[in-house]
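Please read the structure below before turning to the comments.
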Amino acid sequence: MNNNSSFDIFACLIDATGLTPVQVQKTVALLEEGATVPFIARYRKEVTGELDEVQIRQLQEQLNYFKELHDRQQTILKSIDEQGKLTPELRDQILHCRQKTVLEDLYLPFKPKRRTKATIAREQGLAPLAEEILQSTGPLDLDAAAQPFIDEEKGVPTISAALQGAGFILAEQFADNAAVRACVREKTWQQGVFCSQPARGKEGTVSKYEMYYDFSEPLRQIPSHRMLAMRRGEKEEVLRLSITAPETEILAGIGQIVIPDTNPCQTWLRTVVEDAYNRLLAPSIEVELRLQAKKAADEAAIQVFAENLRNLLLAAPAGGVRVLGVDPGLRTGSKLAVVDQTGQFLDHVTIYPHTGRGQVESAQQNLLRLITTYRVEMVAIGNGTAGREMDQFVKQCLKDAGIKLPVVMVSESGASVYSASDIAREEFPDLDLTVRGAISIARRLQDPLAELVKVDPKSIGVGQYQHDVSQTALKKSLNDVVESCVNYVGVDLNTASWALLSFVSGIGESLAKSIVGYRDDHGKFEQRKQLLKVPRFGKKAFEQAAGFLRIRDGKQPLDNTAVHPERYKLVEQMAKDSGADLTQLVSEPARLDSIDLDRYVAVDVGLPTLRDIITELKKPGRDPRETFVSTTFREDVMEIKDLQEGMRLNGIVTNVAAFGAFVDLGVHQDGLVHISQLADRFVKDPNEVVKVGQQVQVKVLEVDLQRKRIALTMRSDSENAPKRDNQPSRRAKSVQKERQFRSGKTDLAAALEKSGFRVKKK
């Protein structure tokens, strides 16, 4: 993997990850062979030392980083060598560099530049003067030293011009010094203050960025959501952002690095240092650190988005039941669609229960006809426009008809995106967009994961500032989450769409479509090994994918488990040794408790894999997700105007952000539970308390009808709240007071104002 013995990627990975050499080498070998992260984590535990998916993905990211670093090293070495300036010392420095930023600092003096003031000064022949001044150790008369360099033809008419040119050369030299740049970067990052002011002409204007019109905060402490909000304000030309650095300390630090103690021209050199910092270093380092802060903010925001998406995808499924999906509407009517236990579309109709009394009876008849004709077991209603009205209508119809059916509100986020997608057109080319939406709503109730994988994660509505972060990093992270969730749950080979199959380890879109095509032509798969008959589905793909695919009621009982086909002979031997056949071993879990796993340990099979096999055999075909439980909203609260301060309600968490959680109350407008209101204790991360899809009970703190904003709390009544546990640490208090002083607001007030509230003045 390494052509250059001086750069050991394995050593870098060991230092960066803290893993053992064996773990790094063997896991990297698997990744290089094309093994996927879910496959390695699930079926190669003995090889990796039981690394989980998070550790393997981190190792994969570090591997890519150091590969890119190594490639860049080679490019830089070649460039400097071609200039004839590559010394053994510099070569050694470059090859031992472990950070891209430091590597670029080393290359900067040799990097081709545009024409600069220093370039012009060198062309004027002033480089020897600059060198003489810098290297001087005895008394030196600057005017006398500069006199020989006066040359009007070269553009150096005076002593002052000569000294100025020499200063430009030294300033660039100082600014290109790797140690100097490291000093400026570190001091600015540690002590710099990020400042926000209104852009020119925006002073005093009303905007959603008003809280940032006079705002400052330590650069390295800015939370992700504030950084991204301010950058968006700058992009929209409402805000002007800058970094204030500790200039006095920085200039002193630069001087210690570049000005020799014995140099007699220290006063003059300090002016050169100041020019180097203000003209060259400060602008460059500010851009660099703003990008660094932006990257850190991106990573934090993407992590929150990814966690929300994971919780949403792993929401409890209602399972294989017949569902009537309802895409509610007012003027255009509500679309009703029925799907069977496997999600296959059966029938649809449009009803108009909210457009006049003459349509109500017809709507009731059509609704009940679908329910009785297709023996519907659950009703799923989209939570968009007219969702609560339709919820009441359906429940009243069922009550009048004496039918008892669960009626569940389902999130519509992304349903319209799916309806207009190529996948939806392929599935239902002859159906209207809104009917496709009703089908999607029904399927979301049956299996959220199987349906949501058809939608771009950014359209699902569980992230914040998703359009402001790195789109490449966001896409990779969200795809990793979807892949992880799909393989964690497992996929029914005979019912899964190609969209779902495409996320299975080792498959991808092309193979997924080939599998569905083969299934359409030859009927259901009866065994996993039939996959090898699918066009272009080779042994490597089979190795990676087979364990994550399920075949229910097939010829091979183990095909409905997460046991990999490579371990079938081992399980058959277990069954034989226990005096049973394979079917008995799977159907009688008690037999498994008597198996001595130690006797089956081999070179390629250890106790971790054996324990996983036993767990699977005890619950073949099990779904690892939680059991489905529906949430019921208060029937007397339909709109935001029905809310009253102090009212307690059930809700569903729809989004989790760094500053709190948003909760659906069934009034077409989510409420905000600020982080300070999530629990009767100090909460650092909202994900410690809530997750997307979780059912919670909240209390209404404040309602702003004009701005359609709802402030909620999950804390118990103040008289019952434990006061000591609720208090932040001294450090947190100090930071909070500093922010209050600078912004004139508390964190709660700032978050509420961001959501449209105004701080009430006493």
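Chain labels follow the order of the structure tokens: the first chain is A, the next B, and so on; residue numbering restarts at 1 in every chain, and ligands are counted from 1 in their shown order.
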Per residue of region 268-333 of chain A within 9 Å of region 655-672 of chain A, what are the shortest atom pair and its distance in Å to one decimal, counting only C-alpha atoms, with rows by chain and residue number, as a Markdown table?
| residue | atom | partner | partner_atom | distance |
| --- | --- | --- | --- | --- |
| A:Ala300 | CA | A:Ala658 | CA | 8.7 |
| A:Ala301 | CA | A:Ala658 | CA | 8.1 |
| A:Val304 | CA | A:Ala657 | CA | 6.7 |
| A:Phe305 | CA | A:Val656 | CA | 8.2 |
| A:Glu307 | CA | A:Val656 | CA | 8.8 |
| A:Asn308 | CA | A:Val656 | CA | 6.6 |
Picked from region 242-415 of chain A by DSSP as strand (DSSP E), as a VMD selection string
chain A and resid 242 to 244 323 to 327 334 to 339 345 to 351 378 to 382 407 to 410
May I have the residues from that selection written out with N, CA and C atoms, as a PDB file, in the first residue's frame?
ATOM      1  N   SER A 242     -16.538  38.730  10.924  1.00  0.00           N
ATOM      2  CA  SER A 242     -15.083  38.922  11.004  1.00  0.00           C
ATOM      3  C   SER A 242     -14.553  38.213  12.244  1.00  0.00           C
ATOM      4  N   ILE A 243     -13.230  38.061  12.299  1.00  0.00           N
ATOM      5  CA  ILE A 243     -12.570  37.481  13.467  1.00  0.00           C
ATOM      6  C   ILE A 243     -11.624  38.519  14.049  1.00  0.00           C
ATOM      7  N   THR A 244     -11.783  38.789  15.337  1.00  0.00           N
ATOM      8  CA  THR A 244     -10.877  39.696  16.039  1.00  0.00           C
ATOM      9  C   THR A 244      -9.837  38.852  16.753  1.00  0.00           C
ATOM     10  N   VAL A 323     -53.653  -1.737   5.039  1.00  0.00           N
ATOM     11  CA  VAL A 323     -53.733  -0.344   5.487  1.00  0.00           C
ATOM     12  C   VAL A 323     -54.445   0.509   4.444  1.00  0.00           C
ATOM     13  N   LEU A 324     -55.298   1.387   4.947  1.00  0.00           N
ATOM     14  CA  LEU A 324     -55.898   2.424   4.113  1.00  0.00           C
ATOM     15  C   LEU A 324     -55.112   3.704   4.347  1.00  0.00           C
ATOM     16  N   GLY A 325     -54.433   4.188   3.304  1.00  0.00           N
ATOM     17  CA  GLY A 325     -53.670   5.424   3.410  1.00  0.00           C
ATOM     18  C   GLY A 325     -54.496   6.605   2.944  1.00  0.00           C
ATOM     19  N   VAL A 326     -54.425   7.708   3.671  1.00  0.00           N
ATOM     20  CA  VAL A 326     -55.218   8.902   3.347  1.00  0.00           C
ATOM     21  C   VAL A 326     -54.291  10.097   3.187  1.00  0.00           C
ATOM     22  N   ASP A 327     -54.309  10.672   1.989  1.00  0.00           N
ATOM     23  CA  ASP A 327     -53.607  11.932   1.745  1.00  0.00           C
ATOM     24  C   ASP A 327     -54.668  13.027   1.810  1.00  0.00           C
ATOM     25  N   SER A 334     -59.655  14.456  -0.621  1.00  0.00           N
ATOM     26  CA  SER A 334     -58.706  13.577   0.052  1.00  0.00           C
ATOM     27  C   SER A 334     -58.586  12.278  -0.733  1.00  0.00           C
ATOM     28  N   LYS A 335     -57.340  11.851  -0.973  1.00  0.00           N
ATOM     29  CA  LYS A 335     -57.078  10.640  -1.741  1.00  0.00           C
ATOM     30  C   LYS A 335     -56.950   9.462  -0.781  1.00  0.00           C
ATOM     31  N   LEU A 336     -57.713   8.402  -1.048  1.00  0.00           N
ATOM     32  CA  LEU A 336     -57.679   7.186  -0.252  1.00  0.00           C
ATOM     33  C   LEU A 336     -57.088   6.060  -1.090  1.00  0.00           C
ATOM     34  N   ALA A 337     -56.149   5.296  -0.521  1.00  0.00           N
ATOM     35  CA  ALA A 337     -55.539   4.173  -1.234  1.00  0.00           C
ATOM     36  C   ALA A 337     -55.336   3.010  -0.279  1.00  0.00           C
ATOM     37  N   VAL A 338     -55.661   1.804  -0.747  1.00  0.00           N
ATOM     38  CA  VAL A 338     -55.525   0.597   0.072  1.00  0.00           C
ATOM     39  C   VAL A 338     -54.339  -0.222  -0.411  1.00  0.00           C
ATOM     40  N   VAL A 339     -53.530  -0.716   0.536  1.00  0.00           N
ATOM     41  CA  VAL A 339     -52.430  -1.634   0.209  1.00  0.00           C
ATOM     42  C   VAL A 339     -52.596  -2.900   1.046  1.00  0.00           C
ATOM     43  N   PHE A 345     -50.424  -2.257  -3.980  1.00  0.00           N
ATOM     44  CA  PHE A 345     -51.572  -1.371  -4.170  1.00  0.00           C
ATOM     45  C   PHE A 345     -52.797  -2.170  -4.625  1.00  0.00           C
ATOM     46  N   LEU A 346     -53.966  -1.867  -4.011  1.00  0.00           N
ATOM     47  CA  LEU A 346     -55.197  -2.586  -4.335  1.00  0.00           C
ATOM     48  C   LEU A 346     -56.254  -1.692  -4.988  1.00  0.00           C
ATOM     49  N   ASP A 347     -56.519  -0.529  -4.406  1.00  0.00           N
ATOM     50  CA  ASP A 347     -57.614   0.299  -4.923  1.00  0.00           C
ATOM     51  C   ASP A 347     -57.468   1.717  -4.381  1.00  0.00           C
ATOM     52  N   HIS A 348     -58.168   2.664  -5.027  1.00  0.00           N
ATOM     53  CA  HIS A 348     -58.127   4.037  -4.536  1.00  0.00           C
ATOM     54  C   HIS A 348     -59.427   4.747  -4.896  1.00  0.00           C
ATOM     55  N   VAL A 349     -59.676   5.867  -4.191  1.00  0.00           N
ATOM     56  CA  VAL A 349     -60.830   6.700  -4.465  1.00  0.00           C
ATOM     57  C   VAL A 349     -60.548   8.089  -3.896  1.00  0.00           C
ATOM     58  N   THR A 350     -61.219   9.102  -4.435  1.00  0.00           N
ATOM     59  CA  THR A 350     -61.100  10.466  -3.917  1.00  0.00           C
ATOM     60  C   THR A 350     -62.423  10.874  -3.286  1.00  0.00           C
ATOM     61  N   ILE A 351     -62.360  11.413  -2.083  1.00  0.00           N
ATOM     62  CA  ILE A 351     -63.576  11.850  -1.388  1.00  0.00           C
ATOM     63  C   ILE A 351     -63.466  13.327  -1.042  1.00  0.00           C
ATOM     64  N   MET A 378     -55.860  -1.153   9.502  1.00  0.00           N
ATOM     65  CA  MET A 378     -55.412   0.108  10.093  1.00  0.00           C
ATOM     66  C   MET A 378     -55.627   1.227   9.082  1.00  0.00           C
ATOM     67  N   VAL A 379     -55.788   2.445   9.599  1.00  0.00           N
ATOM     68  CA  VAL A 379     -55.928   3.621   8.738  1.00  0.00           C
ATOM     69  C   VAL A 379     -54.775   4.573   9.046  1.00  0.00           C
ATOM     70  N   ALA A 380     -54.055   4.992   7.990  1.00  0.00           N
ATOM     71  CA  ALA A 380     -52.937   5.933   8.127  1.00  0.00           C
ATOM     72  C   ALA A 380     -53.327   7.250   7.469  1.00  0.00           C
ATOM     73  N   ILE A 381     -53.285   8.342   8.229  1.00  0.00           N
ATOM     74  CA  ILE A 381     -53.678   9.657   7.722  1.00  0.00           C
ATOM     75  C   ILE A 381     -52.481  10.595   7.741  1.00  0.00           C
ATOM     76  N   GLY A 382     -52.202  11.240   6.613  1.00  0.00           N
ATOM     77  CA  GLY A 382     -51.111  12.205   6.550  1.00  0.00           C
ATOM     78  C   GLY A 382     -51.375  13.386   7.451  1.00  0.00           C
ATOM     79  N   VAL A 407     -56.609   4.302  14.051  1.00  0.00           N
ATOM     80  CA  VAL A 407     -56.414   5.402  13.102  1.00  0.00           C
ATOM     81  C   VAL A 407     -55.166   6.160  13.548  1.00  0.00           C
ATOM     82  N   VAL A 408     -54.168   6.226  12.673  1.00  0.00           N
ATOM     83  CA  VAL A 408     -52.852   6.752  13.051  1.00  0.00           C
ATOM     84  C   VAL A 408     -52.471   7.924  12.153  1.00  0.00           C
ATOM     85  N   MET A 409     -51.987   9.011  12.768  1.00  0.00           N
ATOM     86  CA  MET A 409     -51.447  10.135  12.009  1.00  0.00           C
ATOM     87  C   MET A 409     -50.010   9.804  11.616  1.00  0.00           C
ATOM     88  N   VAL A 410     -49.686   9.993  10.337  1.00  0.00           N
ATOM     89  CA  VAL A 410     -48.370   9.659   9.793  1.00  0.00           C
ATOM     90  C   VAL A 410     -47.745  10.907   9.193  1.00  0.00           C
TER      91      VAL A 410
END
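Taking only C-alpha atoms, the non-local environment of region 693-705 of chain A within 6 Å (same-chain residues fewer than 3 positions away omitted) comprises Glu645, Gly646, Met647, Arg648, Leu649, Asn650, Gly651, Ile652, Val653, Lys708, Arg709, Ile710, Ala711, Leu712, Thr713 and Met714 of chain A.
Counting only C-alpha atoms and comparing A:Ala306, A:Ala386, A:Glu572, A:Val193, the residue that lies closest to Asn687 (chain A) is A:Ala306.
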Calculate how many Å separate CA of Gly554 (chain A) from CA of Pro589 (chain A), rounding to one decimal.
19.3 Å
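Each of A:Ile613, A:Cys183, A:Gly125, A:Ser79 was compared to Pro112 (chain A) using only C-alpha atoms, and A:Ser79 turns out to be the nearest.
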